[in-house]
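All remarks here apply to the structure that follows.
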Amino acid sequence: MTIAVIGTGNIGGRLAAVWASNGHRIILGTRDPASEKVRALIAKHPERISAASVLEAAAASSVVLLAVPASTAHAVARELGDVTGKILIDAMNAVFRRPEPYARTSEAIRAASGSDHIVKCFNSVGAENMDDPRYGGQTADMFLCGDHSEDKKVVRTLAEECGFTVYDVGGLEKEPLLENLAALWGSLAMGAGLGRNIAFKVLRR
Ligand SMILES: NC(=O)c1ccc[n+]([C@@H]2O[C@H](COP(=O)([O-])OP(=O)(O)OC[C@H]3O[C@@H](n4cnc5c(N)ncnc54)[C@H](OP(=O)(O)O)[C@@H]3O)[C@@H](O)[C@H]2O)c1
């Protein structure tokens, strides 16, 4: 699968590397394809990772990850161009800075792109989990929501390939739940001092 990774920071960088390890072709959609951090990412998997503009990366991919500051969600989603037939993964959190005038990043993406093929995923825990969700003998949980089941199947597989146990919590109206989970993660990691190597696990009996 060819995946456009828009945003080459903590989340985008780690997911790009792990997805490339899993055999996917990654095109980093970046403001500066020649930057040092972009070259360092390409060097991890030169055969599978390349860099381009946001427009070029999205055009060449069937899946587009948006991992940019939530406040920039609308502007960046506008740069994607025609996203017909593409799955848009929203990994952003608007807990601290909203994508004004929108309350939620998925709303901003939908307004800018005209697409509702949006799956919220990879937002609920810290970036350190993306390339290593193992905790002893257990695997961290990942949660996703979206309005199209075929889209969610694809994203579920991408998360399972990273090593997560994945739960589909419903339609995009569930997005605030996933964002609150991210806020809880931040409160535990930083506020309560547990550190960033923590994640969530659903227990069932
Ligand atoms: N960090 C976490 O643990 C974590 C966990 C879950 C969710 N999230 C969410 O994931 C998203 C990305 O977080 P992150 O920690 O990866 O952020 P980050 O390290 O700051 O990276 C964001 C990337 O977005 C791109 N970008 C595009 N337009 C930008 C602009 N106007 N200003 C700044 N960067 C811009 C940049 O890549 P280029 O320079 O290549 O364009 C930048 O590297 C956020 O919405 C965050 O809430 C983060």
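Ordering of the structure tokens sets the chain letters (A, B, ...), residue numbers begin anew at 1 in every chain, and ligands are numbered from 1 in the order given.
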
Counting only C-alpha atoms and all ligand atoms, name the residues that have an atom within 7 Å of an atom of ligand 1; the answer should be given as a PDB file with C-alpha atoms, in the first residue's frame.
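Output contents, as saved in out_23.pdb:
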ATOM      1  CA  ILE A   6       1.584  14.414   6.185  1.00  0.00           C
ATOM      2  CA  GLY A   7       3.612  15.847   9.056  1.00  0.00           C
ATOM      3  CA  THR A   8       7.056  14.468   9.806  1.00  0.00           C
ATOM      4  CA  GLY A   9       7.106  15.016  13.570  1.00  0.00           C
ATOM      5  CA  ASN A  10       6.713  12.627  16.496  1.00  0.00           C
ATOM      6  CA  ILE A  11       3.656  10.785  15.187  1.00  0.00           C
ATOM      7  CA  GLY A  12       4.235  10.992  11.430  1.00  0.00           C
ATOM      8  CA  GLY A  29       4.163  15.041   2.463  1.00  0.00           C
ATOM      9  CA  THR A  30       6.231  17.843   3.917  1.00  0.00           C
ATOM     10  CA  ARG A  31       6.836  21.577   3.755  1.00  0.00           C
ATOM     11  CA  ASP A  32      10.537  20.908   3.178  1.00  0.00           C
ATOM     12  CA  VAL A  38      13.102  14.291   6.408  1.00  0.00           C
ATOM     13  CA  ALA A  67      -0.324  14.161  11.728  1.00  0.00           C
ATOM     14  CA  VAL A  68       0.086  17.936  11.881  1.00  0.00           C
ATOM     15  CA  PRO A  69      -0.853  20.423  14.638  1.00  0.00           C
ATOM     16  CA  ALA A  70      -4.650  20.409  15.012  1.00  0.00           C
ATOM     17  CA  THR A  72      -3.419  23.648  10.964  1.00  0.00           C
ATOM     18  CA  VAL A  76      -3.169  21.299   5.467  1.00  0.00           C
ATOM     19  CA  ALA A  91      -4.260  11.277  14.215  1.00  0.00           C
ATOM     20  CA  MET A  92      -4.628  14.835  15.519  1.00  0.00           C
ATOM     21  CA  ASN A  93      -5.812  16.077  18.894  1.00  0.00           C
ATOM     22  CA  ALA A  94      -7.631  19.356  19.336  1.00  0.00           C
ATOM     23  CA  PHE A 122      -3.353   6.750  16.345  1.00  0.00           C
ATOM     24  CA  ASN A 123      -4.320   9.786  18.483  1.00  0.00           C
ATOM     25  CA  SER A 124      -5.176   8.312  21.875  1.00  0.00           C
ATOM     26  CA  VAL A 125      -1.712   7.498  23.253  1.00  0.00           C
ATOM     27  CA  GLY A 126       1.756   9.024  23.055  1.00  0.00           C
ATOM     28  CA  ALA A 127       3.958   8.713  20.002  1.00  0.00           C
ATOM     29  CA  GLU A 128       6.358   6.352  21.808  1.00  0.00           C
ATOM     30  CA  ALA A 182      -5.639  11.343  24.639  1.00  0.00           C
TER      31      ALA A 182
END

Skipping near chain neighbours, those fewer than 3 positions away, what residues fall within 9 Å of Lys37 of chain A using only C-alpha atoms, listed as a tab-separated table (two decimals) with C-alpha atoms, in the first residue's frame?
chain	number	residue	atom	x	y	z
A	8	THR	CA	7.06	14.47	9.81
A	9	GLY	CA	7.11	15.02	13.57
A	13	GLY	CA	7.91	10.10	11.71
A	34	ALA	CA	15.16	18.49	1.81
A	40	ALA	CA	16.96	11.14	8.41
A	41	LEU	CA	13.58	9.45	8.00
A	42	ILE	CA	14.32	8.46	4.40

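For the set A:Glu150, A:Leu158, A:Tyr135, A:Leu194, the residue with the smallest atom-to-atom gap to Ala20 of chain A is A:Leu158, counting only C-alpha atoms.
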
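For the residues A:Ile198, A:Ala58, A:Leu188, A:Cys121, ranking by smallest atom-to-atom distance to Lys174 of chain A using only C-alpha atoms places A:Cys121 first.
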
Practice task
Determine, counting only C-alpha atoms, which protein, DNA and RNA residues have an atom within 10 Å of an atom of Ala75 of chain A; residues of the same chain fewer than 2 positions away are not included. Present the result as a list in words.
Solution key: Ser71, Thr72, Ala73, Ala77, Arg78, Glu79, Leu80, Pro99, Ala108, Ile109, Ala112 and Ser113 of chain A

Practice task
Would you mind writing down, as a PyMOL selection string, each residue of segment 29-166 of chain A that DSSP on the backbone assigns to strand (DSSP E or B)?
Solution key: chain A and resi 29+49-52+63-66+87-90+118-120+134-135+138-139+141-146+165-166

Writing out the chosen residues with C-alpha atoms as a CSV table (one decimal), in the first residue's frame:
chain,number,residue,atom,x,y,z
A,29,GLY,CA,4.2,15.0,2.5
A,49,ILE,CA,10.4,6.1,2.0
A,50,SER,CA,10.5,9.2,-0.2
A,51,ALA,CA,9.5,12.8,0.2
A,52,ALA,CA,7.4,15.2,-1.8
A,63,VAL,CA,-4.2,6.3,2.3
A,64,VAL,CA,-3.3,9.7,3.8
A,65,LEU,CA,-2.2,10.2,7.4
A,66,LEU,CA,-2.7,13.7,8.8
A,87,ILE,CA,-8.8,7.1,3.1
A,88,LEU,CA,-7.9,10.0,5.4
A,89,ILE,CA,-6.5,9.0,8.8
A,90,ASP,CA,-6.8,11.7,11.4
A,118,ILE,CA,-12.0,9.9,7.6
A,119,VAL,CA,-10.9,7.4,10.2
A,120,LYS,CA,-9.7,8.8,13.6
A,134,ARG,CA,4.5,-4.0,23.6
A,135,TYR,CA,4.4,-4.0,27.4
A,138,GLN,CA,0.8,-7.5,26.6
A,139,THR,CA,0.1,-5.3,23.7
A,141,ASP,CA,-4.8,-1.0,22.8
A,142,MET,CA,-5.6,1.4,19.9
A,143,PHE,CA,-9.0,2.8,19.3
A,144,LEU,CA,-10.5,4.0,16.0
A,145,CYS,CA,-13.8,5.5,14.7
A,146,GLY,CA,-15.1,6.5,11.4
A,165,THR,CA,-4.9,-4.6,19.8
A,166,VAL,CA,-7.5,-2.6,18.0

Could you pull out all residues of segment 16-197 of chain A with a DSSP call of alpha helix (DSSP H) and give them as a CSV table (one decimal) with N, CA and C atoms, in the first residue's frame?
chain,number,residue,atom,x,y,z
A,16,ALA,N,5.6,6.5,9.9
A,16,ALA,CA,6.3,6.3,8.6
A,16,ALA,C,7.3,5.2,8.7
A,17,ALA,N,8.1,5.2,9.7
A,17,ALA,CA,9.2,4.2,9.8
A,17,ALA,C,8.6,2.8,10.1
A,18,VAL,N,7.6,2.7,10.9
A,18,VAL,CA,7.1,1.4,11.2
A,18,VAL,C,6.3,0.8,10.1
A,19,TRP,N,5.6,1.7,9.4
A,19,TRP,CA,4.8,1.2,8.2
A,19,TRP,C,5.8,0.8,7.1
A,20,ALA,N,6.9,1.5,6.9
A,20,ALA,CA,7.9,1.1,5.9
A,20,ALA,C,8.5,-0.2,6.3
A,21,SER,N,8.7,-0.4,7.6
A,21,SER,CA,9.2,-1.7,8.1
A,21,SER,C,8.2,-2.8,7.8
A,36,GLU,N,16.7,18.2,7.2
A,36,GLU,CA,17.5,17.2,7.9
A,36,GLU,C,16.6,16.1,8.4
A,37,LYS,N,15.5,16.5,9.1
A,37,LYS,CA,14.7,15.4,9.7
A,37,LYS,C,14.0,14.5,8.6
A,38,VAL,N,13.7,15.1,7.5
A,38,VAL,CA,13.1,14.3,6.4
A,38,VAL,C,14.2,13.4,5.8
A,39,ARG,N,15.4,13.9,5.7
A,39,ARG,CA,16.5,13.0,5.1
A,39,ARG,C,16.8,11.9,6.1
A,40,ALA,N,16.7,12.2,7.4
A,40,ALA,CA,17.0,11.1,8.4
A,40,ALA,C,15.9,10.0,8.3
A,41,LEU,N,14.7,10.5,8.1
A,41,LEU,CA,13.6,9.4,8.0
A,41,LEU,C,13.8,8.6,6.8
A,42,ILE,N,14.1,9.2,5.6
A,42,ILE,CA,14.3,8.5,4.4
A,42,ILE,C,15.5,7.5,4.6
A,43,ALA,N,16.5,7.9,5.3
A,43,ALA,CA,17.7,7.0,5.5
A,43,ALA,C,17.4,5.8,6.2
A,44,LYS,N,16.3,5.8,7.0
A,44,LYS,CA,15.9,4.5,7.7
A,44,LYS,C,15.4,3.4,6.8
A,54,VAL,N,3.0,18.1,-0.1
A,54,VAL,CA,1.7,17.5,0.4
A,54,VAL,C,0.8,17.1,-0.7
A,55,LEU,N,0.7,17.9,-1.7
A,55,LEU,CA,-0.2,17.6,-2.9
A,55,LEU,C,0.3,16.4,-3.6
A,56,GLU,N,1.6,16.3,-3.9
A,56,GLU,CA,2.2,15.1,-4.6
A,56,GLU,C,2.1,13.9,-3.8
A,57,ALA,N,2.3,14.0,-2.5
A,57,ALA,CA,2.3,12.8,-1.7
A,57,ALA,C,0.9,12.2,-1.7
A,58,ALA,N,-0.1,13.1,-1.5
A,58,ALA,CA,-1.5,12.6,-1.4
A,58,ALA,C,-2.0,12.0,-2.8
A,59,ALA,N,-1.6,12.7,-3.8
A,59,ALA,CA,-2.0,12.3,-5.2
A,59,ALA,C,-1.5,10.8,-5.5
A,73,ALA,N,-5.1,21.9,10.8
A,73,ALA,CA,-5.8,20.8,10.1
A,73,ALA,C,-6.5,21.3,8.8
A,74,HIS,N,-7.3,22.4,8.9
A,74,HIS,CA,-8.0,22.8,7.7
A,74,HIS,C,-7.1,23.2,6.6
A,75,ALA,N,-6.1,24.0,6.9
A,75,ALA,CA,-5.1,24.5,5.9
A,75,ALA,C,-4.4,23.4,5.2
A,76,VAL,N,-3.9,22.4,6.0
A,76,VAL,CA,-3.2,21.3,5.5
A,76,VAL,C,-4.1,20.4,4.6
A,77,ALA,N,-5.3,20.1,5.1
A,77,ALA,CA,-6.2,19.3,4.4
A,77,ALA,C,-6.6,19.9,3.0
A,78,ARG,N,-6.6,21.2,3.0
A,78,ARG,CA,-6.9,21.9,1.7
A,78,ARG,C,-5.8,21.7,0.7
A,105,THR,N,-11.0,18.1,14.6
A,105,THR,CA,-10.2,18.0,13.4
A,105,THR,C,-10.9,17.3,12.2
A,106,SER,N,-11.7,16.3,12.5
A,106,SER,CA,-12.4,15.6,11.4
A,106,SER,C,-13.3,16.6,10.7
A,107,GLU,N,-13.9,17.5,11.4
A,107,GLU,CA,-14.8,18.5,10.8
A,107,GLU,C,-14.0,19.4,9.9
A,108,ALA,N,-12.8,19.8,10.4
A,108,ALA,CA,-11.9,20.7,9.6
A,108,ALA,C,-11.5,19.9,8.3
A,109,ILE,N,-11.1,18.7,8.4
A,109,ILE,CA,-10.7,17.9,7.3
A,109,ILE,C,-11.9,17.7,6.3
A,110,ARG,N,-13.0,17.4,6.8
A,110,ARG,CA,-14.2,17.2,5.9
A,110,ARG,C,-14.5,18.5,5.2
A,111,ALA,N,-14.5,19.7,5.9
A,111,ALA,CA,-14.8,20.9,5.3
A,111,ALA,C,-13.8,21.3,4.2
A,112,ALA,N,-12.5,21.0,4.5
A,112,ALA,CA,-11.4,21.4,3.5
A,112,ALA,C,-11.3,20.5,2.3
A,113,SER,N,-11.6,19.2,2.6
A,113,SER,CA,-11.4,18.2,1.5
A,113,SER,C,-12.6,17.8,0.8
A,149,SER,N,-17.2,1.4,7.0
A,149,SER,CA,-16.5,0.2,7.6
A,149,SER,C,-15.4,-0.3,6.7
A,150,GLU,N,-15.4,-0.1,5.4
A,150,GLU,CA,-14.3,-0.5,4.6
A,150,GLU,C,-13.0,0.3,4.9
A,151,ASP,N,-13.2,1.6,5.1
A,151,ASP,CA,-12.1,2.4,5.5
A,151,ASP,C,-11.5,1.9,6.8
A,152,LYS,N,-12.4,1.6,7.8
A,152,LYS,CA,-11.9,1.2,9.1
A,152,LYS,C,-11.2,-0.1,9.1
A,153,LYS,N,-11.6,-1.0,8.1
A,153,LYS,CA,-10.9,-2.3,8.0
A,153,LYS,C,-9.4,-2.1,7.6
A,154,VAL,N,-9.2,-1.2,6.7
A,154,VAL,CA,-7.8,-0.9,6.2
A,154,VAL,C,-7.0,-0.3,7.4
A,155,VAL,N,-7.6,0.7,8.1
A,155,VAL,CA,-6.8,1.3,9.2
A,155,VAL,C,-6.6,0.4,10.3
A,156,ARG,N,-7.6,-0.5,10.6
A,156,ARG,CA,-7.4,-1.5,11.6
A,156,ARG,C,-6.2,-2.4,11.3
A,157,THR,N,-6.1,-2.8,10.0
A,157,THR,CA,-4.9,-3.6,9.7
A,157,THR,C,-3.6,-2.9,9.8
A,158,LEU,N,-3.6,-1.6,9.5
A,158,LEU,CA,-2.4,-0.8,9.6
A,158,LEU,C,-2.0,-0.7,11.1
A,159,ALA,N,-3.0,-0.6,12.0
A,159,ALA,CA,-2.7,-0.5,13.4
A,159,ALA,C,-2.3,-1.9,14.0
A,160,GLU,N,-2.9,-2.9,13.5
A,160,GLU,CA,-2.6,-4.3,14.0
A,160,GLU,C,-1.2,-4.6,13.5
A,161,GLU,N,-0.8,-4.2,12.3
A,161,GLU,CA,0.6,-4.5,11.8
A,161,GLU,C,1.6,-3.8,12.7
A,162,CYS,N,1.2,-2.7,13.4
A,162,CYS,CA,2.1,-2.0,14.3
A,162,CYS,C,2.3,-2.8,15.6
A,175,GLU,N,-15.6,10.6,18.0
A,175,GLU,CA,-14.2,11.3,18.0
A,175,GLU,C,-13.9,11.9,19.4
A,176,PRO,N,-14.9,12.6,20.0
A,176,PRO,CA,-14.5,13.3,21.3
A,176,PRO,C,-14.1,12.2,22.4
A,177,LEU,N,-14.6,11.0,22.3
A,177,LEU,CA,-14.2,10.0,23.3
A,177,LEU,C,-12.7,9.7,23.1
A,178,LEU,N,-12.3,9.6,21.8
A,178,LEU,CA,-10.9,9.3,21.6
A,178,LEU,C,-10.0,10.5,21.9
A,179,GLU,N,-10.5,11.7,21.8
A,179,GLU,CA,-9.7,12.9,22.1
A,179,GLU,C,-9.6,13.0,23.7
A,180,ASN,N,-10.7,12.6,24.4
A,180,ASN,CA,-10.6,12.6,25.8
A,180,ASN,C,-9.6,11.6,26.4
A,181,LEU,N,-9.6,10.5,25.6
A,181,LEU,CA,-8.6,9.4,26.0
A,181,LEU,C,-7.2,10.0,25.9
A,182,ALA,N,-7.0,10.7,24.8
A,182,ALA,CA,-5.6,11.3,24.6
A,182,ALA,C,-5.4,12.3,25.8
A,183,ALA,N,-6.4,13.1,26.2
A,183,ALA,CA,-6.2,14.0,27.3
A,183,ALA,C,-5.9,13.3,28.6
A,184,LEU,N,-6.6,12.2,28.8
A,184,LEU,CA,-6.3,11.3,30.0
A,184,LEU,C,-4.9,10.8,30.0
A,185,TRP,N,-4.5,10.3,28.8
A,185,TRP,CA,-3.1,9.8,28.6
A,185,TRP,C,-2.1,10.9,29.0
A,186,GLY,N,-2.3,12.2,28.5
A,186,GLY,CA,-1.4,13.3,28.9
A,186,GLY,C,-1.4,13.6,30.4

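Remark: for Pro133 of chain A, the closest of the candidate residues A:Ser62, A:Asn197, A:Asn22, A:Ser53 is A:Asn197 (distances computed over only C-alpha atoms).
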
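The smallest atom-to-atom distance between His24 of chain A and any of A:Arg204, A:Met1, A:Ala60, A:His45, using only C-alpha atoms, is found for A:Met1.
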
Problem - Residue neighbourhood Ala140 of chain A, 6 Å, only C-alpha atoms, exclusion window fewer than 5 positions, as number ranges by chain - result: A: 133, 164, 199-201

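With atom CA of Thr84 of chain A on one side and atom CA of Glu47 of chain A on the other, the separation reads 27.3 Å.
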
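The coordinates place atom CA of Val5 of chain A at 24.6 Å from atom CA of Pro101 of chain A.
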
Handout entry: Which of A:His117, A:Arg205, A:Arg25, A:Arg196 sits closest to Gly171 of chain A [using only C-alpha atoms]
Key = A:His117
